[in-house]
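S.K.: I have a structure I would like to understand better, so I am pasting it below and will then ask my questions one at a time.
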There are 2 protein chains.
Amino acid sequence: MEASTKIDISDCELVQDCSSCNYKSLLFETLDDTYLKKISGCKNQYRFKKGQTICVEGDKIENLIYLHKGLVKLHRTSSSGRSQIISISKPFDYIGLLSVFSNHNYKYSLTAIEPSSVCFINLECIKDSIINNGKFALEIVEKMSKVSDDVLGAKFSLSNKHLRGRIAYILLYFSDKIYNSLEFNLPVSRAEIAELIDMRTENVIRIMSEFRKDKIIKINGHIIEIIDINRLKSINING
Amino acid sequence: MEASTKIDISDCELVQDCSSCNYKSLLFETLDDTYLKKISGCKNQYRFKKGQTICVEGDKIENLIYLHKGLVKLHRTSSSGRSQIISISKPFDYIGLLSVFSNHNYKYSLTAIEPSSVCFINLECIKDSIINNGKFALEIVEKMSKVSDDVLGAKFSLSNKHLRGRIAYILLYFSDKIYNSLEFNLPVSRAEIAELIDMRTENVIRIMSEFRKDKIIKINGHIIEIIDINRLKSINING
DNA sequence: CGCGGCTTTGATGTTCATCAAGTAAAGTGG
DNA sequence: CCACTTTACTTGATGAACATCAAAGCCGCG
C-alpha cells in the first residue's frame, strides 16, 4: 500500500558515455559507426539501487530500456489489485521490448531487484534506426520474437505444473539462467516468487520447506543451495 | 489419438494472384509497387476447410502466414500430452507472427476452425523487405509487438479469473471481437473452449448451463445468444 | 526496546479436476 | 435410408489441490 516510488533521476548516477560502451555489441552489432554515434547522442545511462523503480505502468514510453548490469523485474498490478511479475530480466534480455512498439504508455512497471545499470535510448532514435538500417531492423524483430516467445513459453509451461513443479522450475531458473551456480542468493522475497509463478506466499514457503526436509535444497534465509539437482529436475518435469 | 492430418496442398484450392488482392493494404500498405511486386512473386494462397491443418508444430518455417478470410486456432500439445489453444486469429491478426523470427521450426500448430483463405509468403522474401524497406520493417515490429501483447494480456487476465469469469470472458470475446453480434455460432467445441481458457470440458458445459438457467445466455447447440450482457460483463470483471 | 515487515506452520474451506454414467447428435457402412 | 458406431454433450458425486485465515517467531531498524 506504499505510494509507488516514482523514478527520481537525481537519485541515479550517470555513469558513462556510449562510444566506449562494452555492451553495445549485442544489440547494436549491426549498426555501423554513423548510426552508433547517432544512438550515442540520444541515450542516457543510470544506476538504480535494489528496490528502485525504473518505470511505472502507465508512464509515457519515450525510451527503449536496455539493461547493462543487474537484475530487474517486469511487473504489473491486476485489476483486482493483485501484483504479478511478468518476467525477470538479466543483462541483454531487452526488457521492455515487449509492448514498446504498440503502446504509447507502459503496460508494465520495471523495478530493480539488484543494483542495476540501465540505458535509456530515445525511442524515436531507435525507430529512425529501424527505418534507415535494415539489418538493425531485422535484429530487433528477431529479439522481440525471442522475448515474447520466452515469456509465453514460460507461462504455458507453468500453467501445466502443480505447485511443487513450479517451485522446482523457479529454483532451476535462478540456478541455471541467472546465476550459473547451484548456490545463490535469492534476489526476491518469497512473496515475489509467488507473484512470479502464480501461487501464494504461504505455499512457496511450505513447498520450499518440504524440499529442505527432503534434502533437495538447503535454505539459509535468502541463500539457496541445490543439493539434489536431479530430483529437482524430475519434479520440474513431472510436477 | 488420430494421426495428425498433414497439410495436403492438393486439397486446397489456389485462389488469386497478389496484385489484385484487396487485403494487401493492411500489412503491406507501406510497401511501394516494386516491393509489392516482389512479394507477389513469392507467395501462394490456399483455401482450407474447417478442421484442416495449416501447419504443424515442428514443421520447418518457410513462410509468413497471413489470414485473408476465416478463423484459425493457434495451438500446441504440452509435454504431458494435453492440447492447448494459444489464441484464435481472425483476418489481419498476423497469425504466426509470434515466434516466426526466432525459430527455425514452428512452436505451434495452426488449424482452420472456419473455412479459411490463407496466404503463404516466403519468409526470406519478407526478411528481404524488412532489410530494404524501413517503413515496412517498423510496421512489422509494431504488429509483432501488438500480437504478443494481446496474447500475453489475455493470458494474464485469464489467470486471475475464476471459471465463471473465464466463460464470461470468452463469450464476450466471440461476441465482441470475432462476430460483432450478440448472437453467434460458436466455431469451436466445448472441449476446445476448455483448451483455450484453461479449464475442463465438463466445467465449460456446467457453467454455460448455469448462465442459461440464470437467463444470461440462450444456448441452442453451437448457437449462443447473449441476453444479459451487463451481467456477463460484470461476471467477466469480478469473477 | 518495540515496531513493522518478512517468514513460518497449522487448521479450515473453496474451487476445481476427476470419475462415472447416461443422453443426444453426427458420421459410417450396409 | 436405417442400424450401428463414434463423437460430442450433459449431469451428478467425490476427492485432491490449493487459497485463505489465524497466529506466532524472527530479524533488522529507528
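Each chain in the C-alpha cells gets a letter, A, B, ..., in the order shown, and its residues are numbered from 1; ligands are numbered from 1 in order too.
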For chain D, list the residues within 9 Å of chain A, counting only C-alpha atoms (C1' of nucleotides), and write the list as a PDB file with C-alpha atoms (C1' of nucleotides), in the first residue's frame.
M.R.:
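Listing of selection25.pdb after writing:
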```pdb
ATOM      1  C1'  DA D  17      -5.052 -29.308  -4.798  1.00  0.00           C
ATOM      2  C1'  DC D  18      -4.787 -25.083  -3.362  1.00  0.00           C
ATOM      3  C1'  DA D  19      -6.347 -20.437  -1.177  1.00  0.00           C
TER       4       DA D  19
END
```
S.K.: Give me the residues within 8 Å of segment 20-30 of chain D as a PyMOL selection string, counting only C-alpha atoms (C1' of nucleotides) and dropping any in the same chain fewer than 5 places off.
M.R.: chain C and resi 7-8+12-13
S.K.: Can you write just those residues out, C-alpha atoms (C1' of nucleotides), as a compact mmCIF listing (two decimals), in the first residue's frame?
M.R.:
```txt
# COMPACT_ATOMS: atom_id res chain seq x y z
C1' DT C 7 8.82 -15.76 7.25
C1' DT C 8 6.86 -19.96 9.06
C1' DT C 12 -10.15 -24.91 7.60
C1' DG C 13 -12.86 -24.13 3.46
```
S.K.: Quote the spacing between atom CA of Ala168 of chain B and atom CA of Leu232 of chain B in Å to one decimal place.
M.R.: 5.5 Å
S.K.: With a distance cut-off of 9 Å and only C-alpha atoms (C1' of nucleotides), select the neighbouring residues of Thr77 of chain A, excluding the residue or stretch itself and same-chain residues fewer than 5 positions from it, and output the selection as a CSV table (one decimal) with C-alpha atoms, in the first residue's frame.
M.R.:
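This is the output file selection23.csv:
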```csv
chain,number,residue,atom,x,y,z
A,57,GLU,CA,2.8,1.2,-15.6
A,82,ARG,CA,-3.0,-8.2,-7.2
A,83,SER,CA,0.6,-7.7,-8.1
A,84,GLN,CA,2.1,-10.0,-10.7
A,85,ILE,CA,5.6,-10.4,-12.0
A,108,TYR,CA,4.2,-2.9,-17.1
A,109,SER,CA,6.4,-1.4,-14.4
```
S.K.: Could the residues of chain A that have an atom at most 7 Å from chain B be listed as a Markdown table, each with its closest atom pair and the distance in Å to one decimal, counting only C-alpha atoms and ordered by chain and ascending residue number?
M.R.:
```
| residue | atom | partner | partner_atom | distance |
| --- | --- | --- | --- | --- |
| A:Leu98 | CA | B:Ser145 | CA | 6.3 |
| A:Ser99 | CA | B:Ser145 | CA | 5.3 |
| A:Phe101 | CA | B:Glu142 | CA | 5.0 |
| A:Ser102 | CA | B:Lys146 | CA | 5.3 |
| A:Ile130 | CA | B:Gly134 | CA | 6.1 |
| A:Ile131 | CA | B:Gly134 | CA | 3.5 |
| A:Asn132 | CA | B:Gly134 | CA | 5.6 |
| A:Gly134 | CA | B:Ile131 | CA | 3.5 |
| A:Lys135 | CA | B:Ile131 | CA | 5.5 |
| A:Ala137 | CA | B:Ala137 | CA | 6.1 |
| A:Leu138 | CA | B:Ile130 | CA | 6.4 |
| A:Val141 | CA | B:Val141 | CA | 6.0 |
| A:Glu142 | CA | B:Phe101 | CA | 5.0 |
| A:Ser145 | CA | B:Ser99 | CA | 5.3 |
| A:Lys146 | CA | B:Ser102 | CA | 5.3 |
| A:Ser148 | CA | B:Ser148 | CA | 6.0 |
| A:Asp149 | CA | B:Ser99 | CA | 5.9 |
| A:Leu152 | CA | B:Leu152 | CA | 6.8 |
```
S.K.: If you count only C-alpha atoms (C1' of nucleotides), which residues fall within 9 Å of Ser87 of chain B, apart from same-chain ones fewer than 4 positions away, as a VMD selection string?
M.R.: chain B and resid 72 to 75 95 151 196
S.K.: For Glu114 of chain B, work out the shell of residues within 7 Å, counting only C-alpha atoms (C1' of nucleotides) and skipping chain neighbours fewer than 6 positions away, then give it as a VMD selection string.
M.R.: chain B and resid 49 to 50 70 to 72 187
S.K.: Could you save those same residues with C-alpha atoms as a PDB file, in the first residue's frame?
M.R.:
```pdb
ATOM      1  CA  LYS B  49     -11.780 -26.309 -44.892  1.00  0.00           C
ATOM      2  CA  LYS B  50     -12.927 -26.299 -41.290  1.00  0.00           C
ATOM      3  CA  GLY B  70     -11.905 -17.310 -41.976  1.00  0.00           C
ATOM      4  CA  LEU B  71     -10.821 -18.219 -38.489  1.00  0.00           C
ATOM      5  CA  VAL B  72      -7.907 -20.309 -37.281  1.00  0.00           C
ATOM      6  CA  PRO B 187     -16.921 -22.137 -34.117  1.00  0.00           C
TER       7      PRO B 187
END
```
S.K.: Show which residues sit within 8 Å of Thr201 of chain B, as a ChimeraX atom specification. Count only C-alpha atoms (C1' of nucleotides), and ignore same-chain residues fewer than 4 positions away.
M.R.: /B:190-194,205
S.K.: Store the residues picked out above in a file with C-alpha atoms, as a PDB file, in the first residue's frame.
M.R.:
```
ATOM      1  CA  ARG B 190     -16.831 -27.173 -25.640  1.00  0.00           C
ATOM      2  CA  ALA B 191     -13.590 -29.103 -25.352  1.00  0.00           C
ATOM      3  CA  GLU B 192     -11.768 -26.506 -27.445  1.00  0.00           C
ATOM      4  CA  ILE B 193     -13.113 -23.689 -25.302  1.00  0.00           C
ATOM      5  CA  ALA B 194     -11.704 -25.557 -22.339  1.00  0.00           C
ATOM      6  CA  ILE B 205     -20.582 -27.096 -20.022  1.00  0.00           C
TER       7      ILE B 205
END
```
S.K.: Report the closest atom pair, with its distance in Å rounded to one decimal, for each residue of chain C that has an atom no farther than 9 Å from chain B; count only C-alpha atoms (C1' of nucleotides), sort by chain and then rising residue number, and write it as CSV.
M.R.:
```
residue,atom,partner,partner_atom,distance
C:DT15,C1',B:His162,CA,8.4
C:DC16,C1',B:Asn203,CA,8.5
C:DA17,C1',B:Arg200,CA,7.4
```
S.K.: Write a file of the just-selected residues containing C-alpha atoms (C1' of nucleotides), as an mmCIF file, in the first residue's frame.
M.R.:
```
data_model
loop_
_atom_site.group_PDB
_atom_site.id
_atom_site.type_symbol
_atom_site.label_atom_id
_atom_site.label_comp_id
_atom_site.auth_asym_id
_atom_site.auth_seq_id
_atom_site.Cartn_x
_atom_site.Cartn_y
_atom_site.Cartn_z
ATOM 1 C "C1'" DT C 15 -12.650 -24.247 -6.155
ATOM 2 C "C1'" DC C 16 -11.974 -27.129 -9.392
ATOM 3 C "C1'" DA C 17 -10.419 -31.748 -11.621
#
```
S.K.: How many Å separate atom CA of Ser117 of chain B from atom CA of His222 of chain B?
M.R.: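 Atom-to-atom, atom CA of Ser117 of chain B and atom CA of His222 of chain B are spaced 22.8 Å apart.
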S.K.: So that I can check the surroundings of Leu123 of chain B, please list as a PyMOL selection string every protein, DNA and RNA residue that reaches within 8 Å of it, counting only C-alpha atoms (C1' of nucleotides) and ignoring chain neighbours fewer than 5 positions away.
M.R.: chain B and resi 61-64
